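A short worksheet on the structure shown next.
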Amino acid sequence: MQAPFGRLLTAMITPFKNDLTIDWAGVEKLAAHLQGTGHDGIVVNGTTGEAPTTSDEEKVEIIKVVRKATGGKLKIIAGAGNNETSHSVEQAKLAADAGADGLLVVTPYYNKPPQAGIEAHFRAMADATNVPVMLYDIPGRTGIAIEADTICRLAEHKNIVALKDAKGDVASTSWVIKRSGIPVYSGDDILNLPLLSVGAVGFVSVCGHTVGARLREMLDYWFAGKPEQALQIHQELLPVFTGTFRTQGAILTKAALNLMGLPGGKVRLPLVDATASQISQLKDDLSNGGIKLN
């Protein structure tokens with residue numbers, strides 16, 4: 001199955017300075033870091049990028065800065081969805097105009113629309129531009145899943161080309177892949193390898209910030225027909241997969257980047273920076289996962 005955006009993508013954090021303005025030099029440095037660790041693409045303006053607390057103007061500038069920093073060599077996928085369809089469509093058009101190669105569109109959250117409303121929302125987003133769309137199914141955050149029948153119908157739309165799966169239900173995803181043939185990207189790092197085993201084409205990772213080169217190796221081994229080596233990497237990285245999500249992922253990813261001498265910076269409310277005890281635990285988790293800290 002083809003991977004429309006490449007195989008290894010990371011949902012990039014947005015580094016903030018102490019005054020909570022965006023660290024633009026940090027954005028450039030982090031994009032270059034991801035490019036240097038074997039990534040095919042970068043997802044910006046997603047949950048890990050703290051999209052709920054960045055303005056539309058900031059989102060547009062992030063797309064432009066990351067594209068320039070990577071020299072147009074990586075796919076830039078822009079988060080462009082929220083729980084209000086007309087504003088989501090506006091964000092999609094802004095992202096397309098800014099040069100995004102794809103749109104990551106999450107299920108509308110909080111208002112719990114029925115499946116008919118979810119389908120209509122995604123169709124409106126897919127019709128808004130000519131930029132290809134990756135559906136994002138994460139019911140643990142949105143409060144409602146995209147049902148398999150809905151995904152299969154949406155997969156027939158010419159602009160809907162992929163699914164980021166963070167449902168945590170490998171059985172359901174297996175059926176979606178079999179029935180629709182939609183390219184699936186794992187959206188849950190600890191399930192990266194299990195989802196490859198049922199037909200996923202790649203990852204939209206968070207841990208790619210810290211272990212991107214190892215995830216690249218895992219993918220290369222898997223698609224070279226060497227599952228034993230891929231399994232070994234999966235098992236070695238379990239402490240990182242678990243440790244990064246002991247609290248909200250952006251919080252500990254930023255803390256990890258700060259520990260590694262990379263631009264992580266602060267978080268904006270309602271997120272709060274990692275505590276001393278959380279950082280201490282994170283150091284152990286990263287070390288146990290093979291990451292050397294400064």
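Chains: A, B, ... in order of the structure tokens. Residues: from 1 per chain. Ligands: from 1, in order shown.
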Can you list every residue of region 126-243 of chain A that has an atom at most 8 Å from region 28-37 of chain A, with its nearest atom pair and the distance in Å to one decimal, using only C-alpha atoms, ordered by chain then number, as CSV?
```
residue,atom,partner,partner_atom,distance
A:Gly208,CA,A:Leu34,CA,7.7
A:His209,CA,A:Leu34,CA,6.7
A:Gly212,CA,A:Thr37,CA,5.5
A:Ala213,CA,A:Thr37,CA,4.8
A:Arg216,CA,A:Thr37,CA,7.8
```
Selection from above, C-alpha atoms, as a PDB file, in the first residue's frame, can you write it?
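Ended up saving to part_34.pdb:
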```pdb
ATOM      1  CA  GLY A 208       9.926  11.007  16.771  1.00  0.00           C
ATOM      2  CA  HIS A 209      11.180  14.192  18.447  1.00  0.00           C
ATOM      3  CA  GLY A 212      13.185   9.579  15.235  1.00  0.00           C
ATOM      4  CA  ALA A 213      16.264   7.788  13.917  1.00  0.00           C
ATOM      5  CA  ARG A 216      13.195   5.171  10.906  1.00  0.00           C
TER       6      ARG A 216
END
```
Those of region 12-260 of chain A in DSSP strand (DSSP E or B), formatted as a PDB file with N, CA and C atoms, in the first residue's frame:
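Once everything was written out, this is part.pdb:
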```pdb
ATOM      1  N   PHE A  16       7.843  27.637  22.683  1.00  0.00           N
ATOM      2  CA  PHE A  16       7.516  28.981  23.166  1.00  0.00           C
ATOM      3  C   PHE A  16       8.633  29.494  24.072  1.00  0.00           C
ATOM      4  N   ILE A  22       6.172  32.687  20.284  1.00  0.00           N
ATOM      5  CA  ILE A  22       6.795  31.570  19.577  1.00  0.00           C
ATOM      6  C   ILE A  22       8.282  31.832  19.383  1.00  0.00           C
ATOM      7  N   GLY A  41       8.198  13.678   6.648  1.00  0.00           N
ATOM      8  CA  GLY A  41       7.268  14.787   6.764  1.00  0.00           C
ATOM      9  C   GLY A  41       7.159  15.263   8.195  1.00  0.00           C
ATOM     10  N   ILE A  42       6.590  16.440   8.343  1.00  0.00           N
ATOM     11  CA  ILE A  42       6.364  17.047   9.650  1.00  0.00           C
ATOM     12  C   ILE A  42       4.914  17.507   9.711  1.00  0.00           C
ATOM     13  N   VAL A  43       4.250  17.155  10.800  1.00  0.00           N
ATOM     14  CA  VAL A  43       2.895  17.640  11.046  1.00  0.00           C
ATOM     15  C   VAL A  43       2.993  18.843  11.970  1.00  0.00           C
ATOM     16  N   VAL A  44       2.437  19.955  11.554  1.00  0.00           N
ATOM     17  CA  VAL A  44       2.425  21.164  12.377  1.00  0.00           C
ATOM     18  C   VAL A  44       0.985  21.507  12.748  1.00  0.00           C
ATOM     19  N   LYS A  75       7.390  16.641   3.413  1.00  0.00           N
ATOM     20  CA  LYS A  75       5.974  16.960   3.345  1.00  0.00           C
ATOM     21  C   LYS A  75       5.578  17.725   4.609  1.00  0.00           C
ATOM     22  N   ILE A  76       4.838  18.804   4.438  1.00  0.00           N
ATOM     23  CA  ILE A  76       4.349  19.580   5.572  1.00  0.00           C
ATOM     24  C   ILE A  76       2.840  19.375   5.649  1.00  0.00           C
ATOM     25  N   ILE A  77       2.409  18.710   6.708  1.00  0.00           N
ATOM     26  CA  ILE A  77       0.994  18.432   6.933  1.00  0.00           C
ATOM     27  C   ILE A  77       0.515  19.376   8.029  1.00  0.00           C
ATOM     28  N   ALA A  78      -0.549  20.091   7.763  1.00  0.00           N
ATOM     29  CA  ALA A  78      -1.016  21.100   8.712  1.00  0.00           C
ATOM     30  C   ALA A  78      -2.330  20.687   9.352  1.00  0.00           C
ATOM     31  N   GLY A  79      -2.357  20.714  10.666  1.00  0.00           N
ATOM     32  CA  GLY A  79      -3.618  20.557  11.365  1.00  0.00           C
ATOM     33  C   GLY A  79      -4.541  21.699  10.984  1.00  0.00           C
ATOM     34  N   GLY A 102      -0.497  18.793   2.911  1.00  0.00           N
ATOM     35  CA  GLY A 102      -1.612  17.970   3.353  1.00  0.00           C
ATOM     36  C   GLY A 102      -2.279  18.620   4.546  1.00  0.00           C
ATOM     37  N   LEU A 103      -3.500  18.180   4.834  1.00  0.00           N
ATOM     38  CA  LEU A 103      -4.259  18.682   5.973  1.00  0.00           C
ATOM     39  C   LEU A 103      -4.581  17.516   6.904  1.00  0.00           C
ATOM     40  N   LEU A 104      -4.327  17.712   8.179  1.00  0.00           N
ATOM     41  CA  LEU A 104      -4.728  16.744   9.202  1.00  0.00           C
ATOM     42  C   LEU A 104      -5.992  17.280   9.856  1.00  0.00           C
ATOM     43  N   VAL A 105      -7.079  16.525   9.714  1.00  0.00           N
ATOM     44  CA  VAL A 105      -8.386  17.010  10.158  1.00  0.00           C
ATOM     45  C   VAL A 105      -8.937  16.077  11.231  1.00  0.00           C
ATOM     46  N   VAL A 106      -9.078  16.591  12.428  1.00  0.00           N
ATOM     47  CA  VAL A 106      -9.531  15.792  13.556  1.00  0.00           C
ATOM     48  C   VAL A 106     -11.060  15.746  13.594  1.00  0.00           C
ATOM     49  N   VAL A 133      -6.209  15.247   2.274  1.00  0.00           N
ATOM     50  CA  VAL A 133      -6.631  15.239   3.679  1.00  0.00           C
ATOM     51  C   VAL A 133      -6.288  13.914   4.342  1.00  0.00           C
ATOM     52  N   MET A 134      -5.780  14.004   5.562  1.00  0.00           N
ATOM     53  CA  MET A 134      -5.612  12.850   6.446  1.00  0.00           C
ATOM     54  C   MET A 134      -6.645  12.978   7.567  1.00  0.00           C
ATOM     55  N   LEU A 135      -7.571  12.043   7.640  1.00  0.00           N
ATOM     56  CA  LEU A 135      -8.514  11.993   8.755  1.00  0.00           C
ATOM     57  C   LEU A 135      -7.754  11.676  10.037  1.00  0.00           C
ATOM     58  N   TYR A 136      -8.263  12.165  11.155  1.00  0.00           N
ATOM     59  CA  TYR A 136      -7.617  11.906  12.449  1.00  0.00           C
ATOM     60  C   TYR A 136      -8.673  11.394  13.417  1.00  0.00           C
ATOM     61  N   ASP A 137      -8.543  10.122  13.768  1.00  0.00           N
ATOM     62  CA  ASP A 137      -9.502   9.443  14.633  1.00  0.00           C
ATOM     63  C   ASP A 137      -8.876   9.231  16.001  1.00  0.00           C
ATOM     64  N   ILE A 160      -9.493  12.623   0.191  1.00  0.00           N
ATOM     65  CA  ILE A 160      -9.223  11.979   1.484  1.00  0.00           C
ATOM     66  C   ILE A 160      -8.327  10.779   1.222  1.00  0.00           C
ATOM     67  N   VAL A 161      -7.060  10.912   1.618  1.00  0.00           N
ATOM     68  CA  VAL A 161      -6.050   9.958   1.158  1.00  0.00           C
ATOM     69  C   VAL A 161      -5.421   9.137   2.277  1.00  0.00           C
ATOM     70  N   ALA A 162      -5.737   9.427   3.538  1.00  0.00           N
ATOM     71  CA  ALA A 162      -5.085   8.706   4.632  1.00  0.00           C
ATOM     72  C   ALA A 162      -5.880   8.873   5.915  1.00  0.00           C
ATOM     73  N   LEU A 163      -5.531   8.042   6.891  1.00  0.00           N
ATOM     74  CA  LEU A 163      -6.142   8.067   8.221  1.00  0.00           C
ATOM     75  C   LEU A 163      -5.045   7.989   9.271  1.00  0.00           C
ATOM     76  N   LYS A 164      -5.043   8.958  10.190  1.00  0.00           N
ATOM     77  CA  LYS A 164      -4.201   8.850  11.380  1.00  0.00           C
ATOM     78  C   LYS A 164      -5.035   8.165  12.444  1.00  0.00           C
ATOM     79  N   ASP A 165      -4.589   7.000  12.875  1.00  0.00           N
ATOM     80  CA  ASP A 165      -5.372   6.160  13.768  1.00  0.00           C
ATOM     81  C   ASP A 165      -4.797   6.201  15.175  1.00  0.00           C
ATOM     82  N   VAL A 184      -3.205   3.872   6.416  1.00  0.00           N
ATOM     83  CA  VAL A 184      -3.328   4.196   7.836  1.00  0.00           C
ATOM     84  C   VAL A 184      -1.959   4.505   8.415  1.00  0.00           C
ATOM     85  N   TYR A 185      -1.897   5.594   9.174  1.00  0.00           N
ATOM     86  CA  TYR A 185      -0.707   5.961   9.937  1.00  0.00           C
ATOM     87  C   TYR A 185      -0.999   5.766  11.412  1.00  0.00           C
ATOM     88  N   SER A 186      -0.096   5.092  12.112  1.00  0.00           N
ATOM     89  CA  SER A 186      -0.245   4.943  13.553  1.00  0.00           C
ATOM     90  C   SER A 186      -0.123   6.297  14.228  1.00  0.00           C
ATOM     91  N   GLY A 202       2.755   3.680   8.007  1.00  0.00           N
ATOM     92  CA  GLY A 202       3.759   4.499   8.661  1.00  0.00           C
ATOM     93  C   GLY A 202       3.249   5.077   9.958  1.00  0.00           C
ATOM     94  N   PHE A 203       3.969   6.088  10.446  1.00  0.00           N
ATOM     95  CA  PHE A 203       3.666   6.669  11.754  1.00  0.00           C
ATOM     96  C   PHE A 203       3.469   8.174  11.639  1.00  0.00           C
ATOM     97  N   VAL A 204       2.531   8.703  12.420  1.00  0.00           N
ATOM     98  CA  VAL A 204       2.546  10.120  12.798  1.00  0.00           C
ATOM     99  C   VAL A 204       2.871  10.109  14.289  1.00  0.00           C
ATOM    100  N   SER A 205       4.125  10.293  14.584  1.00  0.00           N
ATOM    101  CA  SER A 205       4.671  10.046  15.911  1.00  0.00           C
ATOM    102  C   SER A 205       4.724  11.310  16.751  1.00  0.00           C
TER     103      SER A 205
END
```
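Considering only C-alpha atoms, the residue among A:Gly117, A:Ile279, A:Asp101, A:Lys226 positioned nearest to Arg246 (chain A) is A:Ile279.
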### Message
Which of region 165-278 of chain A end up as helix (DSSP H, G or I) when DSSP is run on this backbone - answer as a count of residues only?
### Response
66
### Pick from A:Val176, A:Ala124, A:Ile151, A:Val170, whichever lies nearest to Leu196 (chain A) using only C-alpha atoms
A:Val170
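For Glu90 (chain A), the non-local neighbours within 10 Å, defined as residues at least 2 positions apart in the same chain or in other chains and counting only C-alpha atoms, are Asp56, Ala80, Gly81, Thr85, Ser86, His87, Ser88, Ala92, Lys93, Leu94, Ala95, Ala96, Met125 and Ala128 of chain A.
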### Task
Please identify all polymer residues within 8 Å of Val66 (chain A), counting only C-alpha atoms, omitting same-chain residues fewer than 2 positions from it, and present them as an MDAnalysis selection string.
chainID A and resid 27:28 31 62:64 68:70 76
### Task
Find the spatial neighbours of Asp149 (chain A), counting only C-alpha atoms, within a cut-off of 12 Å - ignore same-chain residues fewer than 5 positions away - and output them as a ChimeraX atom specification.
/A:115-116,118-119,154-156,172-173,175-177,179-180
Write the residues you've just listed into a file as a PDB file, in the first residue's frame, and include C-alpha atoms for each of them.
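Ended up saving to again09.pdb:
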```pdb
ATOM      1  CA  GLN A 115     -21.882  10.059  12.311  1.00  0.00           C
ATOM      2  CA  ALA A 116     -23.806  11.943   9.625  1.00  0.00           C
ATOM      3  CA  ILE A 118     -18.920  13.855  11.250  1.00  0.00           C
ATOM      4  CA  GLU A 119     -19.073  12.695   7.650  1.00  0.00           C
ATOM      5  CA  LEU A 154     -15.064   8.929   3.309  1.00  0.00           C
ATOM      6  CA  ALA A 155     -12.183   6.938   1.810  1.00  0.00           C
ATOM      7  CA  GLU A 156     -13.987   7.109  -1.520  1.00  0.00           C
ATOM      8  CA  SER A 172     -11.285  -2.213  14.333  1.00  0.00           C
ATOM      9  CA  THR A 173      -8.382  -0.753  12.360  1.00  0.00           C
ATOM     10  CA  TRP A 175     -11.261  -4.187   9.403  1.00  0.00           C
ATOM     11  CA  VAL A 176     -11.017  -0.585   8.174  1.00  0.00           C
ATOM     12  CA  ILE A 177      -7.832  -1.377   6.239  1.00  0.00           C
ATOM     13  CA  ARG A 179     -12.619  -2.905   3.773  1.00  0.00           C
ATOM     14  CA  SER A 180     -11.478   0.516   2.561  1.00  0.00           C
TER      15      SER A 180
END
```
Which residues of region 34-123 of chain A come within 12 Å of region 256-268 of chain A, and for each one, what is the closest pair of atoms and their distance in Å to one decimal, counting only C-alpha atoms, sorted by chain and residue number, as CSV?
```
residue,atom,partner,partner_atom,distance
A:Leu34,CA,A:Leu262,CA,11.0
A:Thr48,CA,A:Val267,CA,10.4
A:Gly49,CA,A:Val267,CA,9.7
A:Glu50,CA,A:Arg268,CA,7.8
A:Ala51,CA,A:Arg268,CA,10.3
A:Pro52,CA,A:Arg268,CA,9.7
A:Thr53,CA,A:Arg268,CA,6.9
A:Thr54,CA,A:Arg268,CA,9.0
```
### Summary
Correct to one decimal, the distance CA of Gly143 (chain A)-CA of Ala120 (chain A) is 17.6 Å
#### Entry: Nearest residue to Leu269 (chain A) from the set A:Ile251, A:Val198, A:Lys283, A:Ala166 (distances using only C-alpha atoms)
A:Ile251
